[in-house]
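See below for the structure under consideration.
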Amino acid sequence: MPNPPLSTSRILLLGSGFVAGPCAEYLSRRPENELTIASRRLENAQALADRFPGSKAVTLNTDSEEALDKLIAAHDLAISLIPYTQHAKVIKSAVKHKKHVVTTSYISPAMLEHDAAAKEAGVIVMNEIGLDPGIDHLYAIKTIREVQAEGGKVTSFLSYCGGLPAPECSNNPLGYKFSWSSRGVLLALRNTARFIENDKIIEVSGKDLMDSAKRIHVYPAFALVGYANRDSTGYRERYDMPDAHTVLRGSLRYEGFCEFVKALVDLGFLDDSEQAFLTADAPDLPWKHLLARLAGVEDTATIENAEALEKAVSDRFAIDDESEKTRIVNGMKWLGLFSDQPIAKRGTYLDVLCAALEDKMMYGQDERDMILLQHRFEVELKDGSKQTRTSTLLEYGEPNGVMAMAKTVGVPCGIATQLILDGKITQTGVIAPMDPVINNPIMELLEKEGINVIEETI
C-alpha cells in the first residue's frame with residue numbers, strides 16, 4: 001500500500017506551461033504542500049513559482065537521468081506536464097524511488113510497461129486526468145454505471161469535445177484560435193480515425209477526415225460540426241459497455257472550419273517535409289508566390305493578376321459550392337496568403353502556414369476561450385423502454401485571466417494529486433480514472449471549483 005499522507009507534502013511539478021498554473025494554484029492552497037516547479041528554462045519556472053508564495057523554481061533537463069532521479073527522489077509525488085513522450089522516463093524514475101506520479105496524458109505503451117513495477121513498489125501512477133482525457137472519463141463512467149445499476153444498458157455512446165474561442169472571439173476564417181503552438185493541432189488533422197458504428201469498425205483516413213464532419217447539436221446558439229478523433233474502438237471495453245453498438249469520441253469545431261482546412265490540405269499546406277527553398281538562408285519569398293507554387297501556377301502574369309491567381313487557387317479546392325470557395329479565398333486573403341509580404345521561412349509548408357496562423361489567430365487582450373463537452377448515451381432500460389441521456393460541460397475562460405482549457409485540464413490534475421497525497425486514492429499501478437471509487441471524489445471536488453457537468457434525460 002502507498003505510504004500514509006505526510007504532514008508536509010513535497011510536490012514536484014514538471015513543466016511550467018499555461019496548464020500548470022491552475023494546477024499549482026489548487027495545490028498551493030494547502031499550507032503543508034511544498035511545491036517545486038521544474039522547467040528546462042529556469043526563468044519560466046521562476047515566473048510561475050513567483051505567483052505562489054513558498055514555491056521554488058529549479059531548472060531540469062529530463063535527458064539527464066541522474067538529474068531527474070535526484071529531483072524525484074527529493075519529493076513525494078511528481079506531476080508530469082511535460083511532453084507525453086517524456087512521461088515514461090519520469091515514471092521509471094518515480095517507481096525506482098517509490099514516488100507517486102500524476103499526468104494528464106493518455107496512457108502510452110511505454111508508460112504501461114511500468115505497471116507491474118509500480119504495483120510491486122506500491123506506487124500510484126495516475127494518468128488521463130485533465131479534460132479530454134479526464135473529465136470526459138469521469139462522467140461517461142458515472143452514467144454508464146448508473147444505467148447498469150438500474151438493470152439497463154447503453155446501446156450507443158457519442159462524445160464530442162472542443163476547445164474553441166468563445167463565440168464573440170471566433171472572428172476569423174477558421175472560427176478557431178490557438179492558445180499554444182498550432183503545429184500539433186494541424187498535425188492531428190492528418191491522423192486516421194477509427195470508431196464503431198452499428199457494430200462495424202469504421203476507419204476514416206486523415207485525408208478524408210474533414211469530409212466526414214457532421215453537424216452536432218448541443219445548444220441552438222452554437223453552429224458546430226464534429227469529426228471522429230483518434231481510435232474510439234477500445235472504449236466499448238474500457239468503459240465496460242458491451243451492448244453499445246456505436247462508440248465514437250470526436251472533436252468539435254465551428255461550422256466552416258473543416259472546409260477551410262480541407263482547402264489547405266488540397267493545396268498541400270499540411271506537408272511537413274523539408275523544402276530547400278523554405279529554409280532560413282533561402283531567398284525571401286512573397287506569400288502569393290508560395291501560394292502560386294502550391295497551386296501549380298508558374299506564369300508570372302497570372303501571379304500578378306489578383307483575379308487569375310484567386311481562380312487558380314480556388315480551382316484546386318475539392319469543393320463544388322462556389323460561394324464556399326469564395327469564402328475560403330477571402331479567408332486566405334485575410335491571412336495574408338495572397339499578399340506581397342514575405343513568408344516566415346520555417347523549412348516546411350506546414351511550419352510556414354503555422355507561422356501565419358499564429359501571427360493572426362492567437363488570443364488577444366480581453367478575449368476568452370470556451371470548452372464544450374457533451375456525451376450522448378442511447379439507453380435501453382430494464383423494461384425495454386428507451387431514452388437518451390446527455391452530460392454537458394460548458395466552461396468559459398476569463399478575459400486576461402485563466403483560460404477555460406487551462407482550468408479544465410489543470411484543476412482535475414491538482415485534485416487527483418491532492419487526493420493521492422491525502423490517501424484517498426490508493427489503487428497502485430499505471431491507472432486512469434475508470435473506477436467510481438476514484439472518480440466520485442474527484443467529481444465532488446470539481447463541482448466545488450465551479451466545473452459543473454449538466455446531466456439530462458431526454
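Residues in the C-alpha cells are numbered from 1 in each chain, the chains being A, B, ... in the order shown, and ligands are numbered from 1 in the order shown.
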
Each stretch 88-157 of chain A residue no farther than 8 Å from stretch 371-378 of chain A, nearest pair in Å, only C-alpha atoms, as JSON lines:
{"residue": "A:Asp136", "atom": "CA", "partner": "A:Leu373", "partner_atom": "CA", "distance": 7.6}
{"residue": "A:Ala140", "atom": "CA", "partner": "A:His375", "partner_atom": "CA", "distance": 7.0}
{"residue": "A:Val154", "atom": "CA", "partner": "A:Glu378", "partner_atom": "CA", "distance": 5.9}
{"residue": "A:Thr155", "atom": "CA", "partner": "A:Glu378", "partner_atom": "CA", "distance": 5.5}
{"residue": "A:Ser156", "atom": "CA", "partner": "A:Glu378", "partner_atom": "CA", "distance": 4.9}
{"residue": "A:Phe157", "atom": "CA", "partner": "A:Phe377", "partner_atom": "CA", "distance": 4.8}

Could you write out that same residue set with C-alpha atoms as a PDB file, in the first residue's frame?
ATOM      1  CA  ASP A 136     -14.890  13.040 -20.097  1.00  0.00           C
ATOM      2  CA  ALA A 140     -19.004   8.676 -19.006  1.00  0.00           C
ATOM      3  CA  VAL A 154     -26.069   1.695 -23.049  1.00  0.00           C
ATOM      4  CA  THR A 155     -26.620   0.919 -26.736  1.00  0.00           C
ATOM      5  CA  SER A 156     -24.850   3.955 -28.202  1.00  0.00           C
ATOM      6  CA  PHE A 157     -22.182   6.350 -26.898  1.00  0.00           C
TER       7      PHE A 157
END

Determine, using only C-alpha atoms, which residues of stretch 184-275 of chain A have any atom at most 8 Å from an atom of stretch 338-362 of chain A, and tabulate each with its shortest atom pair and distance in Å to one decimal place, rows ordered by chain and then rising number, as a Markdown table.
| residue | atom | partner | partner_atom | distance |
| --- | --- | --- | --- | --- |
| A:Gly268 | CA | A:Tyr349 | CA | 7.5 |
| A:Phe269 | CA | A:Tyr349 | CA | 5.2 |
| A:Leu270 | CA | A:Leu350 | CA | 4.8 |
| A:Asp271 | CA | A:Leu350 | CA | 5.5 |
| A:Asp272 | CA | A:Leu350 | CA | 5.2 |
| A:Ser273 | CA | A:Thr348 | CA | 5.8 |
| A:Glu274 | CA | A:Thr348 | CA | 5.0 |
| A:Gln275 | CA | A:Thr348 | CA | 5.6 |

**Asked** Hey, what does DSSP flag as strand (DSSP E) within stretch 214-417 of chain A? Can you give it to me as a PyMOL selection string?
**Response** chain A and resi 214-216+224-228+246-254+369-380+386-396

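Every protein or nucleic acid residue with an atom no more than 8 Å from stretch 15-21 of chain A, counting only C-alpha atoms and leaving out same-chain residues fewer than 5 positions away, appears here: A:Ile37, A:Ala38, A:Ser39, A:Asn44, A:Ala45, A:Leu48, A:Ser80, A:Leu81, A:Ile82, A:Met405, A:Ala406, A:Lys407, A:Val409, A:Gly410.
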
**Request:** Identify all residues of stretch 67-263 of chain A in helix (DSSP H, G or I) (DSSP on the backbone) and supply them as a PyMOL selection string.
**Result:** chain A and resi 67-73+84-96+109-112+115-121+135-149+167-169+182-188+206-208+210-212+235-238+257-263

Would you write out, as a tab-separated table, a table of all residues in stretch 210-270 of chain A that have an atom no more than 9 Å from an atom of stretch 160-184 of chain A, listing for each the closest atom pair and the distance in Å to one decimal, considering only C-alpha atoms and ordering rows by chain and rising residue number?
residue	atom	partner	partner_atom	distance
A:Ile216	CA	A:Tyr160	CA	8.6
A:Phe222	CA	A:Pro167	CA	8.0
A:Gly226	CA	A:Tyr160	CA	6.8
A:Tyr227	CA	A:Tyr160	CA	8.2
A:Ala228	CA	A:Tyr160	CA	8.4
A:Asn229	CA	A:Tyr160	CA	8.8
A:Leu248	CA	A:Tyr160	CA	8.3
A:Arg249	CA	A:Tyr160	CA	5.8
A:Gly250	CA	A:Tyr160	CA	4.6
A:Ser251	CA	A:Cys161	CA	5.1
A:Leu252	CA	A:Gly162	CA	4.4
A:Arg253	CA	A:Gly162	CA	6.4
A:Tyr254	CA	A:Gly175	CA	6.0
A:Glu255	CA	A:Gly175	CA	7.8
A:Gly256	CA	A:Leu174	CA	6.4
A:Phe257	CA	A:Leu174	CA	4.6
A:Cys258	CA	A:Leu174	CA	8.1
A:Glu259	CA	A:Leu174	CA	8.9
A:Phe260	CA	A:Leu174	CA	6.5
A:Val261	CA	A:Leu174	CA	7.9

Test item: residues at most 10 Å from stretch 231-237 of chain A, only C-alpha atoms, excluding those fewer than 6 positions along its chain, as a compact mmCIF listing (two decimals) with C-alpha atoms, in the first residue's frame:
# COMPACT_ATOMS: atom_id res chain seq x y z
CA SER A 156 -24.85 3.95 -28.20
CA PHE A 157 -22.18 6.35 -26.90
CA LEU A 158 -21.24 9.54 -28.74
CA SER A 159 -18.86 12.02 -27.13
CA ASN A 191 -4.48 11.16 -38.27
CA THR A 192 -6.67 8.24 -39.26
CA ALA A 193 -9.80 7.94 -37.10
CA ARG A 194 -11.50 4.69 -36.09
CA PHE A 195 -14.85 4.17 -34.38
CA ILE A 196 -17.68 1.67 -34.07
CA GLU A 197 -20.95 2.29 -35.90
CA LYS A 200 -18.89 -2.26 -37.58
CA ILE A 201 -15.44 -0.70 -37.28
CA ILE A 202 -15.30 2.41 -39.47
CA GLU A 203 -11.94 3.82 -40.48
CA ASP A 243 -24.12 -3.65 -25.50
CA ALA A 244 -23.00 -0.44 -27.21
CA HIS A 245 -23.42 -0.88 -30.98
CA THR A 246 -21.99 2.61 -31.70
CA VAL A 247 -18.99 4.15 -29.93
CA LEU A 248 -17.41 7.41 -31.11
CA ARG A 249 -15.29 10.06 -29.44
CA GLY A 250 -14.77 13.17 -31.51

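Residue nearest A:Val147 within the list A:Met241, A:Leu60, A:Leu393, A:Ile107: A:Met241 [criterion: smallest interatomic distance, only C-alpha atoms].
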
**Request:** Identify, on the basis of only C-alpha atoms, every residue whose closest approach to A:Gly401 does not exceed 10 Å; exclude the query and any residue fewer than 4 positions from it along the same chain; express the result as a PyMOL selection string.
**Result:** chain A and resi 365-368+397

Write a file of the selected residues as a PDB file, in the first residue's frame, keeping C-alpha atoms.
ATOM      1  CA  GLN A 365      -6.341  41.040 -24.986  1.00  0.00           C
ATOM      2  CA  ASP A 366      -9.819  40.786 -23.429  1.00  0.00           C
ATOM      3  CA  GLU A 367     -10.598  37.623 -25.439  1.00  0.00           C
ATOM      4  CA  ARG A 368     -11.731  34.377 -23.864  1.00  0.00           C
ATOM      5  CA  GLY A 397     -12.298  31.395 -19.773  1.00  0.00           C
TER       6      GLY A 397
END

**Prompt:** So which residues touch A:Glu298 within 12 Å, counting only C-alpha atoms, skipping near sequence neighbours fewer than 6 positions away, as a VMD selection string?
**Reply:** chain A and resid 288 to 292 304 309 312

**Item:** Distance of atom CA of A:Leu419 from atom CA of A:Glu128, expressed in Å to one decimal place
**Value:** 15.1 Å

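In this comparison, which uses only C-alpha atoms, the residue of A:Leu77, A:Ala282, A:Val411, A:Ile438 approaching A:Ile451 most closely is A:Val411.
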
**Message:** So that I can see what lies close to A:Phe317, please list as JSON, numbers by chain the residues with an atom at most 12 Å from it, counting only C-alpha atoms and leaving out residues fewer than 3 positions away in the same chain.
**Reply:** {"A": [259, 260, 261, 262, 263, 264, 265, 266, 267, 268, 294, 295, 310, 311, 312, 313, 314, 320, 321, 322, 324, 325, 326, 327, 328, 329]}

Keeping only N, CA and C atoms, write the selected residues as an mmCIF file, in the first residue's frame.
data_model
loop_
_atom_site.group_PDB
_atom_site.id
_atom_site.type_symbol
_atom_site.label_atom_id
_atom_site.label_comp_id
_atom_site.auth_asym_id
_atom_site.auth_seq_id
_atom_site.Cartn_x
_atom_site.Cartn_y
_atom_site.Cartn_z
ATOM 1 N N GLU A 259 -14.124 22.851 -43.937
ATOM 2 C CA GLU A 259 -13.971 23.181 -45.351
ATOM 3 C C GLU A 259 -12.687 23.987 -45.580
ATOM 4 N N PHE A 260 -12.401 24.904 -44.651
ATOM 5 C CA PHE A 260 -11.191 25.715 -44.790
ATOM 6 C C PHE A 260 -9.941 24.841 -44.666
ATOM 7 N N VAL A 261 -9.924 23.951 -43.688
ATOM 8 C CA VAL A 261 -8.777 23.062 -43.516
ATOM 9 C C VAL A 261 -8.635 22.147 -44.726
ATOM 10 N N LYS A 262 -9.755 21.650 -45.232
ATOM 11 C CA LYS A 262 -9.708 20.780 -46.411
ATOM 12 C C LYS A 262 -9.074 21.504 -47.596
ATOM 13 N N ALA A 263 -9.376 22.783 -47.751
ATOM 14 C CA ALA A 263 -8.771 23.554 -48.832
ATOM 15 C C ALA A 263 -7.263 23.685 -48.629
ATOM 16 N N LEU A 264 -6.831 23.879 -47.393
ATOM 17 C CA LEU A 264 -5.400 23.941 -47.091
ATOM 18 C C LEU A 264 -4.727 22.604 -47.411
ATOM 19 N N VAL A 265 -5.434 21.514 -47.107
ATOM 20 C CA VAL A 265 -4.913 20.176 -47.424
ATOM 21 C C VAL A 265 -4.819 19.994 -48.936
ATOM 22 N N ASP A 266 -5.856 20.421 -49.656
ATOM 23 C CA ASP A 266 -5.871 20.285 -51.118
ATOM 24 C C ASP A 266 -4.692 21.016 -51.754
ATOM 25 N N LEU A 267 -4.291 22.116 -51.164
ATOM 26 C CA LEU A 267 -3.165 22.883 -51.688
ATOM 27 C C LEU A 267 -1.815 22.298 -51.289
ATOM 28 N N GLY A 268 -1.795 21.456 -50.252
ATOM 29 C CA GLY A 268 -0.546 20.849 -49.813
ATOM 30 C C GLY A 268 0.092 21.515 -48.606
ATOM 31 N N LEU A 294 2.106 26.311 -54.859
ATOM 32 C CA LEU A 294 1.263 25.203 -54.391
ATOM 33 C C LEU A 294 0.087 24.951 -55.338
ATOM 34 N N ALA A 295 -0.374 26.024 -55.985
ATOM 35 C CA ALA A 295 -1.497 25.877 -56.920
ATOM 36 C C ALA A 295 -1.032 25.449 -58.311
ATOM 37 N N GLU A 310 -6.497 34.041 -57.800
ATOM 38 C CA GLU A 310 -7.573 33.548 -56.926
ATOM 39 C C GLU A 310 -8.301 32.377 -57.577
ATOM 40 N N LYS A 311 -8.571 32.489 -58.885
ATOM 41 C CA LYS A 311 -9.262 31.394 -59.583
ATOM 42 C C LYS A 311 -8.386 30.149 -59.634
ATOM 43 N N ALA A 312 -7.089 30.325 -59.895
ATOM 44 C CA ALA A 312 -6.181 29.168 -59.964
ATOM 45 C C ALA A 312 -6.109 28.451 -58.622
ATOM 46 N N VAL A 313 -6.096 29.220 -57.552
ATOM 47 C CA VAL A 313 -6.056 28.617 -56.213
ATOM 48 C C VAL A 313 -7.374 27.917 -55.908
ATOM 49 N N SER A 314 -8.490 28.593 -56.143
ATOM 50 C CA SER A 314 -9.792 28.002 -55.790
ATOM 51 C C SER A 314 -10.100 26.776 -56.647
ATOM 52 N N ASP A 320 -17.483 21.898 -54.471
ATOM 53 C CA ASP A 320 -18.349 22.257 -55.593
ATOM 54 C C ASP A 320 -19.039 23.598 -55.398
ATOM 55 N N ASP A 321 -19.302 23.962 -54.154
ATOM 56 C CA ASP A 321 -20.056 25.179 -53.835
ATOM 57 C C ASP A 321 -19.191 26.412 -54.104
ATOM 58 N N GLU A 322 -19.583 27.216 -55.096
ATOM 59 C CA GLU A 322 -18.790 28.392 -55.476
ATOM 60 C C GLU A 322 -18.762 29.438 -54.362
ATOM 61 N N GLU A 324 -18.823 28.845 -51.225
ATOM 62 C CA GLU A 324 -17.893 28.349 -50.207
ATOM 63 C C GLU A 324 -16.454 28.575 -50.656
ATOM 64 N N LYS A 325 -16.188 28.384 -51.930
ATOM 65 C CA LYS A 325 -14.857 28.675 -52.457
ATOM 66 C C LYS A 325 -14.503 30.144 -52.251
ATOM 67 N N THR A 326 -15.472 31.026 -52.507
ATOM 68 C CA THR A 326 -15.238 32.464 -52.330
ATOM 69 C C THR A 326 -14.939 32.781 -50.871
ATOM 70 N N ARG A 327 -15.700 32.163 -49.973
ATOM 71 C CA ARG A 327 -15.471 32.392 -48.546
ATOM 72 C C ARG A 327 -14.055 31.988 -48.159
ATOM 73 N N ILE A 328 -13.599 30.859 -48.658
ATOM 74 C CA ILE A 328 -12.263 30.374 -48.306
ATOM 75 C C ILE A 328 -11.173 31.273 -48.901
ATOM 76 N N VAL A 329 -11.352 31.695 -50.154
ATOM 77 C CA VAL A 329 -10.387 32.606 -50.771
ATOM 78 C C VAL A 329 -10.304 33.905 -49.970
#

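Checking A:Asp132, A:Asp369, A:Leu27, A:Gly429 one by one against A:Ala416, counting only C-alpha atoms, you find the shortest gap at A:Leu27.
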
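Across A:Ser105, A:Ser7, A:Thr426, A:Gln418, the tightest approach to A:Ala24 is made by A:Gln418 when counting only C-alpha atoms.
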
**Request:** Go through A:Lys207, A:Leu337, A:Ser212, A:Gln427 and flag the residue nearest A:Asp115, using only C-alpha atoms for the distances.
**Result:** A:Gln427
